[in-house]
$ cat query.csv   # CSV, C-alpha atoms
chain,number,residue,atom,x,y,z
A,18,MET,CA,83.3,90.8,123.9
A,19,ASN,CA,85.5,92.7,126.2
A,20,ASP,CA,85.3,90.1,129.0
A,21,ASN,CA,87.3,87.8,126.8
A,22,PHE,CA,90.2,90.2,126.5
A,23,LYS,CA,90.4,92.2,129.8
A,24,SER,CA,93.2,90.2,131.4
A,25,ASN,CA,94.8,89.1,128.1
A,26,LYS,CA,96.4,90.4,125.0
A,27,VAL,CA,94.3,92.2,122.4
A,28,ILE,CA,95.8,91.8,119.0
A,29,LEU,CA,94.3,93.5,115.9
A,30,HIS,CA,95.1,92.4,112.4
A,31,ILE,CA,94.5,95.1,109.9
A,32,ASP,CA,94.2,94.1,106.2
A,33,VAL,CA,93.4,96.5,103.3
A,34,ASP,CA,90.7,95.0,101.1
A,35,SER,CA,92.0,94.4,97.6
A,36,PHE,CA,94.9,96.7,98.3
A,37,PHE,CA,96.3,97.4,94.9
A,38,VAL,CA,92.9,98.2,93.5
A,39,SER,CA,92.0,100.3,96.6
A,40,CYS,CA,95.1,102.4,96.0
A,41,GLU,CA,94.1,103.0,92.4
A,42,VAL,CA,90.5,103.9,93.4
A,43,ALA,CA,91.9,106.3,96.1
A,44,LEU,CA,93.9,108.0,93.3
A,45,ARG,CA,90.9,107.9,90.9
A,46,PRO,CA,87.6,107.8,92.8
A,47,GLU,CA,85.7,107.4,89.5
A,48,LEU,CA,86.8,103.7,89.6
A,49,LEU,CA,84.8,103.1,92.8
A,50,ASN,CA,82.3,100.2,92.3
A,51,LYS,CA,83.8,99.3,88.9
A,52,GLN,CA,85.2,96.0,87.7
A,53,VAL,CA,88.9,96.7,88.0
A,54,ALA,CA,91.9,94.4,87.4
A,55,VAL,CA,95.6,95.3,88.1
A,56,SER,CA,97.6,93.5,85.4
A,57,THR,CA,99.8,94.1,82.4
A,58,ASP,CA,97.5,93.7,79.3
A,59,THR,CA,99.2,90.9,77.4
A,60,HIS,CA,98.0,87.4,76.4
A,61,LYS,CA,100.2,85.8,79.1
A,62,SER,CA,99.3,88.2,81.9
A,63,ILE,CA,98.2,87.0,85.3
A,64,VAL,CA,96.0,89.4,87.3
A,65,THR,CA,97.7,90.7,90.4
A,66,ALA,CA,94.5,92.1,92.0
A,67,LEU,CA,90.8,92.4,91.4
A,68,SER,CA,88.1,94.7,92.7
A,69,TYR,CA,85.3,93.0,94.7
A,70,GLU,CA,82.9,94.0,91.8
A,71,ALA,CA,85.1,91.8,89.5
A,72,LYS,CA,85.2,89.0,92.0
A,73,ALA,CA,81.4,89.1,92.3
A,74,LYS,CA,81.4,88.1,88.6
A,75,GLY,CA,83.3,85.0,89.5
A,76,ALA,CA,86.8,86.1,88.6
A,77,LYS,CA,89.7,85.2,90.9
A,78,VAL,CA,93.3,86.0,91.6
A,79,PRO,CA,95.7,84.8,90.1
A,80,TRP,CA,93.7,83.9,87.0
A,81,LYS,CA,95.0,84.7,83.5
A,82,LEU,CA,93.7,88.1,82.3
A,83,SER,CA,92.1,86.5,79.3
A,84,LEU,CA,89.9,84.4,81.6
A,85,VAL,CA,89.0,87.3,83.8
A,86,LYS,CA,87.9,89.2,80.7
A,87,LYS,CA,85.4,86.5,79.9
A,88,HIS,CA,83.8,86.9,83.3
A,89,CYS,CA,84.0,90.7,83.4
A,90,LYS,CA,82.6,92.3,80.3
A,91,ASP,CA,83.2,95.9,81.6
A,92,LEU,CA,86.7,95.2,83.0
A,93,ILE,CA,89.0,98.2,83.5
A,94,ILE,CA,92.7,97.1,83.3
A,95,LEU,CA,95.3,99.1,85.1
A,96,GLU,CA,99.1,98.6,84.9
A,97,PRO,CA,100.7,97.8,88.2
A,98,ASN,CA,102.1,100.9,90.0
A,99,MET,CA,104.3,99.7,92.8
A,100,PHE,CA,105.4,103.2,93.7
A,101,LEU,CA,101.7,104.1,94.4
A,102,TYR,CA,101.2,101.0,96.5
A,103,GLN,CA,104.3,101.5,98.5
A,104,ASN,CA,103.4,105.1,99.1
A,105,TYR,CA,99.9,104.1,100.5
A,106,ALA,CA,101.5,101.4,102.6
A,107,LYS,CA,103.7,104.0,104.2
A,108,LYS,CA,100.7,106.5,104.7
A,109,ILE,CA,98.7,103.8,106.4
A,110,TYR,CA,101.5,102.7,108.7
A,111,ASP,CA,102.4,106.3,109.6
A,112,PHE,CA,98.7,107.0,110.3
A,113,LEU,CA,98.4,104.0,112.6
A,114,ILE,CA,101.6,104.9,114.5
A,115,LYS,CA,100.6,108.6,114.9
A,116,ASN,CA,97.0,108.0,116.0
A,117,TYR,CA,96.9,104.6,117.8
A,118,SER,CA,100.1,102.8,118.8
A,119,ASP,CA,103.8,102.3,117.9
A,120,SER,CA,103.5,98.6,118.8
A,121,ILE,CA,102.9,97.6,115.2
A,122,GLN,CA,104.4,94.7,113.3
A,123,ILE,CA,104.4,94.8,109.5
A,124,VAL,CA,103.0,91.5,108.0
A,125,SER,CA,103.1,92.5,104.3
A,126,ILE,CA,102.7,95.6,102.2
A,127,ASP,CA,98.9,95.7,103.1
A,128,GLU,CA,98.8,94.0,106.6
A,129,TRP,CA,99.7,95.0,110.1
A,130,TYR,CA,99.4,93.6,113.6
A,131,ILE,CA,98.7,96.1,116.4
A,132,ASP,CA,99.0,95.3,120.1
A,133,ALA,CA,95.9,97.1,121.4
A,134,THR,CA,96.0,95.7,125.0
A,135,LYS,CA,96.8,99.1,126.5
A,136,ILE,CA,94.8,101.4,124.3
A,137,TRP,CA,91.4,99.9,123.6
A,138,LYS,CA,89.9,101.2,126.9
A,139,LYS,CA,90.4,104.8,125.7
A,140,PHE,CA,87.7,104.0,123.0
A,141,GLY,CA,85.2,102.4,125.4
A,142,SER,CA,85.4,99.0,123.8
A,143,ILE,CA,87.6,96.9,121.5
A,144,ASN,CA,84.9,97.1,118.9
A,145,ASN,CA,84.8,100.9,119.1
A,146,LEU,CA,88.6,101.0,118.6
A,147,ALA,CA,88.4,98.7,115.5
A,148,SER,CA,85.5,100.8,114.1
A,149,HIS,CA,87.4,104.0,114.7
A,150,ILE,CA,90.4,102.7,112.8
A,151,GLN,CA,88.2,101.5,110.0
A,152,GLU,CA,86.3,104.7,109.7
A,153,GLN,CA,89.4,107.0,109.9
A,154,LEU,CA,91.4,105.1,107.3
A,155,TRP,CA,88.4,105.4,104.9
A,156,LYS,CA,87.9,109.1,105.8
A,157,LYS,CA,91.5,110.2,105.6
A,158,LEU,CA,93.0,107.8,103.0
A,159,LEU,CA,90.0,106.2,101.2
A,160,MET,CA,91.4,102.8,102.3
A,161,PRO,CA,88.8,100.1,103.1
A,162,VAL,CA,90.1,97.6,105.7
A,163,SER,CA,89.0,94.5,107.4
A,164,ILE,CA,90.0,93.9,111.0
A,165,GLY,CA,90.5,90.6,112.9
A,166,ILE,CA,90.7,90.7,116.6
A,167,SER,CA,91.9,88.1,119.0
A,168,TYR,CA,94.4,87.3,121.8
A,169,ASN,CA,97.2,86.1,119.5
A,170,LYS,CA,98.4,87.0,116.0
A,171,PHE,CA,97.4,83.7,114.3
A,172,LEU,CA,93.8,83.9,115.4
A,173,ALA,CA,93.6,87.6,114.6
A,174,LYS,CA,94.8,86.9,111.1
A,175,MET,CA,92.3,84.0,110.7
A,176,ALA,CA,89.5,86.3,111.9
A,177,THR,CA,90.2,88.9,109.3
A,178,ALA,CA,89.5,86.5,106.4
A,179,ILE,CA,86.1,85.5,107.7
A,180,ASN,CA,84.3,88.8,107.0
A,181,LYS,CA,85.7,90.7,104.0
A,182,PRO,CA,85.4,93.4,102.8
A,183,LYS,CA,85.1,96.0,105.6
A,184,GLY,CA,84.5,93.4,108.3
A,185,ILE,CA,85.3,93.4,112.0
A,186,THR,CA,85.6,89.9,113.4
A,187,PHE,CA,86.4,88.6,116.9
A,188,ILE,CA,87.9,85.2,117.7
A,189,THR,CA,88.0,84.7,121.5
A,190,TYR,CA,88.9,82.0,124.0
A,191,ASN,CA,85.2,81.1,124.1
A,192,ASN,CA,84.5,80.7,120.4
A,193,PHE,CA,87.8,79.8,118.6
A,194,GLN,CA,86.9,76.1,118.4
A,195,GLU,CA,83.4,76.8,117.1
A,196,ILE,CA,84.8,79.1,114.4
A,197,LEU,CA,88.1,77.6,113.6
A,198,TRP,CA,87.8,73.8,113.8
A,199,PRO,CA,85.1,73.3,111.1
A,200,MET,CA,87.3,75.2,108.6
A,201,ASP,CA,88.8,73.3,105.7
A,202,ILE,CA,92.6,72.7,106.3
A,203,THR,CA,93.3,74.7,103.1
A,204,ASN,CA,92.0,77.8,105.0
A,205,TYR,CA,94.7,77.5,107.7
A,206,TYR,CA,97.0,80.5,107.4
A,207,GLY,CA,100.5,79.3,106.5
A,208,ILE,CA,99.4,76.0,104.9
A,209,GLY,CA,99.6,76.0,101.1
A,210,LYS,CA,98.3,73.7,98.5
A,211,VAL,CA,101.1,71.2,98.6
A,212,MET,CA,101.1,70.9,102.4
A,213,SER,CA,97.3,70.7,102.6
A,214,LYS,CA,97.2,67.9,100.0
A,215,LYS,CA,99.6,65.9,102.1
A,216,LEU,CA,97.5,66.5,105.2
A,217,ILE,CA,94.3,65.4,103.5
A,218,GLU,CA,96.1,62.2,102.5
A,219,ILE,CA,96.7,61.3,106.1
A,220,GLY,CA,93.1,62.2,107.1
A,221,ILE,CA,93.4,65.8,108.2
A,222,LYS,CA,90.7,67.6,106.3
A,223,THR,CA,89.8,70.4,108.8
A,224,ILE,CA,91.6,72.6,111.3
A,225,GLY,CA,89.9,70.6,114.0
A,226,ASP,CA,91.4,67.4,112.7
A,227,LEU,CA,94.8,68.9,113.0
A,228,ALA,CA,94.1,70.3,116.5
A,229,ASN,CA,93.3,66.9,117.7
A,230,ARG,CA,96.4,65.2,116.5
A,231,ASN,CA,99.4,64.6,118.7
A,232,ILE,CA,102.6,66.6,118.5
A,233,SER,CA,104.6,63.4,118.4
A,234,ASP,CA,102.6,62.0,115.4
A,235,ILE,CA,105.2,60.8,112.9
A,236,ASP,CA,103.0,61.4,109.9
A,237,ILE,CA,102.5,65.0,111.0
A,238,LYS,CA,106.2,65.5,111.7
A,239,LYS,CA,107.1,64.4,108.2
A,240,ILE,CA,105.0,67.4,106.9
A,241,PHE,CA,105.7,70.1,109.4
A,242,LEU,CA,109.2,69.0,110.5
A,243,ASN,CA,110.4,71.3,113.4
A,244,GLN,CA,107.3,73.5,113.1
A,245,THR,CA,104.9,70.7,114.1
A,246,GLU,CA,104.3,72.1,117.6
A,247,VAL,CA,103.6,75.6,116.3
A,248,PHE,CA,101.1,74.4,113.7
A,249,ILE,CA,99.2,72.2,116.2
A,250,ASN,CA,99.3,74.8,119.0
A,251,ASN,CA,97.9,77.5,116.6
A,252,ALA,CA,95.0,75.2,115.8
A,253,ASN,CA,94.4,74.8,119.5
A,254,GLY,CA,94.3,78.6,120.1
A,255,ILE,CA,97.8,78.7,121.6
A,256,GLY,CA,99.9,81.2,119.6
A,257,ASP,CA,102.4,84.1,119.6
A,258,SER,CA,101.1,87.5,120.7
A,259,LEU,CA,104.5,89.3,120.6
A,260,ILE,CA,104.7,92.3,118.3
A,261,LYS,CA,108.1,91.8,116.6
A,262,LEU,CA,109.4,95.3,115.6
A,263,ASP,CA,112.5,93.7,114.1
A,264,ASN,CA,110.3,92.4,111.3
A,265,ASN,CA,109.8,96.0,110.2
A,266,ILE,CA,113.4,96.5,109.3
A,267,LEU,CA,114.3,96.7,105.7
A,268,ASN,CA,116.5,93.8,104.6
A,269,SER,CA,116.8,94.6,100.9
A,270,ILE,CA,115.6,97.0,98.2
A,271,SER,CA,114.6,95.5,94.9
A,272,ASN,CA,112.6,96.2,91.7
A,273,GLU,CA,111.4,93.9,89.0
A,274,ILE,CA,109.8,94.4,85.6
A,275,THR,CA,107.9,92.1,83.2
A,276,PHE,CA,108.4,92.7,79.5
A,277,MET,CA,105.3,94.3,77.9
A,278,ASN,CA,105.2,91.9,75.0
A,279,GLY,CA,105.4,88.9,77.3
A,280,PHE,CA,109.1,88.1,76.7
A,281,SER,CA,112.4,89.4,75.2
A,282,ASP,CA,115.7,88.0,73.9
A,283,ASN,CA,116.8,91.4,72.5
A,284,HIS,CA,120.2,92.3,74.1
A,285,LYS,CA,119.7,96.0,73.8
A,286,GLU,CA,116.2,96.0,75.2
A,287,VAL,CA,117.2,93.7,78.1
A,288,HIS,CA,120.1,95.9,79.1
A,289,LEU,CA,118.0,99.0,78.8
A,290,GLN,CA,115.5,97.6,81.2
A,291,LEU,CA,118.3,96.5,83.5
A,292,ARG,CA,119.6,100.1,83.5
A,293,LYS,CA,116.1,101.4,84.4
A,294,LEU,CA,115.8,98.9,87.3
A,295,CYS,CA,119.2,100.0,88.6
A,296,HIS,CA,118.0,103.6,88.5
A,297,LYS,CA,114.8,102.7,90.5
A,298,VAL,CA,116.8,100.8,93.1
A,299,SER,CA,119.3,103.5,93.4
A,300,SER,CA,116.7,106.2,93.8
A,301,ARG,CA,115.0,104.3,96.6
A,302,LEU,CA,118.4,103.7,98.4
A,303,ILE,CA,119.3,107.3,98.2
A,304,GLU,CA,115.9,108.5,99.3
A,305,ARG,CA,116.3,106.4,102.4
A,306,ASN,CA,119.9,107.3,102.9
A,307,ILE,CA,121.1,103.7,102.8
A,308,CYS,CA,123.7,101.6,101.0
A,309,GLY,CA,124.3,97.9,100.4
A,310,SER,CA,127.1,95.5,99.8
A,311,HIS,CA,125.3,92.6,98.1
A,312,VAL,CA,123.9,92.8,94.5
A,313,SER,CA,121.5,90.3,93.1
A,314,ILE,CA,119.6,89.8,89.9
A,315,ASN,CA,116.9,87.3,88.9
A,316,LEU,CA,115.5,86.3,85.5
A,317,LYS,CA,112.0,85.1,85.1
A,318,LEU,CA,111.8,82.5,82.3
A,319,ASP,CA,108.7,80.8,81.0
A,320,ASN,CA,108.7,78.1,83.6
A,321,GLN,CA,111.5,78.9,86.0
A,322,ARG,CA,113.6,81.6,87.7
A,323,LYS,CA,117.3,82.0,87.6
A,324,SER,CA,119.2,84.1,90.1
A,325,LYS,CA,122.7,85.1,91.0
A,326,SER,CA,124.2,87.4,93.6
A,327,MET,CA,127.6,88.7,94.5
A,328,LYS,CA,129.2,90.3,97.6
A,329,ILE,CA,131.3,93.4,96.9
A,330,ASN,CA,133.9,95.0,99.2
A,331,LYS,CA,132.3,98.4,99.5
A,332,LEU,CA,128.9,100.0,100.2
A,333,ILE,CA,127.1,101.3,97.1
A,334,ASN,CA,123.8,103.1,96.3
A,335,SER,CA,124.6,104.9,93.0
A,336,GLU,CA,122.9,103.9,89.7
A,337,GLU,CA,126.2,103.5,88.0
A,338,ASP,CA,127.8,101.3,90.6
A,339,ILE,CA,124.7,99.1,90.8
A,340,PHE,CA,124.5,98.8,87.0
A,341,VAL,CA,128.2,97.8,86.8
A,342,TYR,CA,127.8,94.8,89.1
A,343,ALA,CA,124.3,93.9,87.8
A,344,SER,CA,125.7,93.8,84.3
A,345,LYS,CA,128.5,91.4,85.4
A,346,LEU,CA,125.9,89.1,87.0
A,347,MET,CA,123.7,89.4,83.9
A,348,LYS,CA,126.6,88.4,81.7
A,349,SER,CA,127.3,85.3,83.7
A,350,LEU,CA,123.6,84.3,84.2
A,351,TRP,CA,121.9,85.1,80.9
A,352,ASN,CA,122.4,82.8,77.9
A,353,GLU,CA,120.5,85.1,75.5
A,354,GLU,CA,117.3,83.0,75.9
A,355,ALA,CA,113.9,84.6,75.9
A,356,ILE,CA,113.1,86.0,79.3
A,357,ILE,CA,109.8,87.3,80.7
A,358,GLY,CA,111.2,89.6,83.4
A,359,ILE,CA,114.2,90.9,85.3
A,360,GLY,CA,114.7,91.8,88.9
A,361,VAL,CA,117.6,93.7,90.7
A,362,ALA,CA,118.1,93.8,94.4
A,363,ILE,CA,120.6,95.4,96.9
A,364,SER,CA,120.9,93.8,100.3
A,365,LYS,CA,123.1,93.8,103.4
A,366,LEU,CA,122.0,97.4,103.9
A,367,GLU,CA,123.6,100.0,106.2
A,368,ASN,CA,122.7,103.5,107.2
A,369,SER,CA,124.6,106.2,105.4
A,370,PHE,CA,124.2,108.5,108.4
A,371,GLN,CA,125.5,106.1,111.0
A,372,ASN,CA,128.9,107.8,111.2
A,373,LEU,CA,127.3,111.1,111.7
A,374,MET,CA,125.3,109.7,114.6
A,375,ASP,CA,128.5,109.3,116.5
A,376,GLN,CA,129.7,112.8,116.0
A,377,SER,CA,129.2,115.7,118.5
A,378,LEU,CA,127.7,118.0,115.9
A,379,PHE,CA,124.3,117.5,117.5
A,380,GLU,CA,125.1,118.3,121.1
A,381,GLU,CA,124.6,122.0,121.2
A,382,GLN,CA,121.3,123.6,120.5
A,383,LYS,CA,122.8,126.5,118.5
A,384,GLU,CA,124.7,124.0,116.3
A,385,ASN,CA,121.5,122.1,115.9
A,386,SER,CA,119.7,125.1,114.5
A,387,LYS,CA,122.5,125.9,112.0
A,388,ILE,CA,122.4,122.3,110.8
A,389,ASP,CA,118.7,122.2,110.6
A,390,ASN,CA,118.7,125.3,108.4
A,391,ILE,CA,121.4,123.8,106.1
A,392,ILE,CA,119.4,120.5,105.9
A,393,GLN,CA,116.2,122.4,105.1
A,394,ASN,CA,117.9,124.5,102.4
A,395,VAL,CA,119.4,121.4,100.7
A,396,ASN,CA,116.2,119.5,100.8
A,397,SER,CA,114.3,122.5,99.4
A,398,LYS,CA,116.7,122.9,96.5
A,399,MET,CA,116.7,119.2,95.7
A,400,ASN,CA,112.9,119.0,96.1
A,401,ARG,CA,113.2,115.8,98.2
A,402,ARG,CA,114.3,114.6,101.6
A,403,ALA,CA,118.0,114.2,100.7
A,404,LEU,CA,119.3,115.0,104.2
A,405,MET,CA,118.1,114.6,107.8
A,406,SER,CA,119.5,115.3,111.2
A,407,GLY,CA,120.7,112.6,113.5
A,408,LYS,CA,117.7,113.2,115.8
A,409,GLU,CA,115.3,113.0,112.8
A,410,PHE,CA,116.9,109.8,111.6
A,411,THR,CA,116.5,108.1,115.0
A,412,LYS,CA,112.8,109.0,115.0
A,413,TYR,CA,112.4,108.1,111.3
A,414,LYS,CA,114.1,104.8,111.7
A,415,LYS,CA,111.7,103.8,114.5
A,416,ALA,CA,108.5,105.2,113.1
A,417,THR,CA,108.5,104.6,109.3
A,418,GLN,CA,107.4,101.6,107.4
A,419,ASN,CA,110.8,100.5,106.2
A,420,LYS,CA,109.9,97.2,104.6
A,421,TYR,CA,107.8,98.2,101.6
A,422,LEU,CA,109.0,101.7,100.9

$ encode --input "query.csv" --output "structure tokens"
Amino acid sequence: MNDNFKSNKVILHIDVDSFFVSCEVALRPELLNKQVAVSTDTHKSIVTALSYEAKAKGAKVPWKLSLVKKHCKDLIILEPNMFLYQNYAKKIYDFLIKNYSDSIQIVSIDEWYIDATKIWKKFGSINNLASHIQEQLWKKLLMPVSIGISYNKFLAKMATAINKPKGITFITYNNFQEILWPMDITNYYGIGKVMSKKLIEIGIKTIGDLANRNISDIDIKKIFLNQTEVFINNANGIGDSLIKLDNNILNSISNEITFMNGFSDNHKEVHLQLRKLCHKVSSRLIERNICGSHVSINLKLDNQRKSKSMKINKLINSEEDIFVYASKLMKSLWNEEAIIGIGVAISKLENSFQNLMDQSLFEEQKENSKIDNIIQNVNSKMNRRALMSGKEFTKYKKATQNKYL
């Protein structure tokens, strides 16, 4: 396999198998090899994740929980725990950065691209590197992962899906047509149900069919618009291999809840949940020492979403400030109809420490030591990382999974 990569990029796509369930199993190993669903347990609930044991019974995501129960008689239902999932996402990212490479792009809460071009030889082969990552993530964190390997990100991503769970799959210059082109167009990463239906209507049933169409094809352009060349190039093995670190930067912090009984139109209950959401968002902002100047809320109704946002003339991160503005948005958006869920978000984020970074407090080693002691004492008393030095922040900003914390 290495001959296909020696003079080219080596991109690994790492994907945690059934991530939400895997996090729950890592916390409670007795769930291993059990039929598990992550979902609120109501008549309208949709399952968020399923163990492979549940999938083996024919259940799928995103089925209704009631339907999954018919397929899985021994189903264990777990309430979603986003704090747990975010925590494991950070642990995995930190582990990869510390032990392998800092050239990592976050794809989603449970997926990462790694540029392994300069590191694979240390492990003897690309397969050895992938196996080492797989084994160590299981040993250290009980996280089962599948790894796709290729010379660009699209093909690495496509490779991962071929052999799950716990698979390692190569797509190379020599085999991408053999592997990719017979695939149904619905399996093309980035093409959803609506788009694939339109493609099938114009005779494109497989990825190979798309690869052999001309970029100037009018019918294709109507579907892909200005992304036509990208989609056709990907199908022909021509894709982006650049690891985009900017994608790792946090753009907003949000939390969302779904009402346990399926819906609510109770004014007191709705505003109580709104307050709880503002508390969660505030805690996450303060923990990361960031503020924001845009507040948004969204309401999930039975068959639609309503959202509204506002720009404010100051940076905020306190629960009280967020609740004041979220309540104003709620008042203008909500007509007292029954709603299934609420979400609160803060965006246009800025670092609370940025002004400190420009000061000269960190220039002298003695002063550094004093400040480090103060920071350590404060953090110890507050039992959390409330403060950090400018030097720490620079490192932390670079080497922490910002997006899903």

$ closest_residue --input "query.csv" --among "A:Asn192, A:Thr186, A:Asn180, A:Ser326" --to "Ala147 of chain A" --atoms "all atoms listed in the file"
A:Thr186

$ atom_distance --input "query.csv" --atom1 "atom CA of Ser35 of chain A" --atom2 "atom CA of Ile208 of chain A"
21.1 Å

$ atom_distance --input "query.csv" --atom1 "atom CA of Ala355 of chain A" --atom2 "atom CA of Asp338 of chain A"
26.2 Å

$ residues_around --input "query.csv" --residues "segment 238-241 of chain A" --least-positions-apart "4" --cutoff "10 Å" --atoms "all atoms listed in the file" --output "VMD selection string"
chain A and resid 208 211 to 213 215 to 216 231 to 234 245 to 249

$ residues_around --input "query.csv" --residues "Ser163 of chain A" --least-positions-apart "3" --cutoff "9 Å" --atoms "all atoms listed in the file" --output "list of chain:residue names"
A:His30, A:Ile31, A:Asp32, A:Val33, A:Asp34, A:Gln151, A:Thr177, A:Ala178, A:Asn180, A:Lys181, A:Pro182, A:Lys183, A:Gly184, A:Ile185, A:Thr186

$ residues_near_point --input "query.csv" --point "(100.5, 88.4, 112.6)" --cutoff "6 Å" --atoms "only C-alpha atoms" --output "list in words"
Tyr130, Lys170 and Phe171 of chain A

$ write_last_selection --input "query.csv" --atoms "C-alpha atoms" --output "mmCIF file, keeping the file's coordinate frame"
data_model
loop_
_atom_site.group_PDB
_atom_site.id
_atom_site.type_symbol
_atom_site.label_atom_id
_atom_site.label_comp_id
_atom_site.auth_asym_id
_atom_site.auth_seq_id
_atom_site.Cartn_x
_atom_site.Cartn_y
_atom_site.Cartn_z
ATOM 1 C CA TYR A 130 99.400 93.600 113.600
ATOM 2 C CA LYS A 170 98.400 87.000 116.000
ATOM 3 C CA PHE A 171 97.400 83.700 114.300
#

$ atom_distance --input "query.csv" --atom1 "atom CA of Asn330 of chain A" --atom2 "atom CA of Glu353 of chain A"
29.0 Å
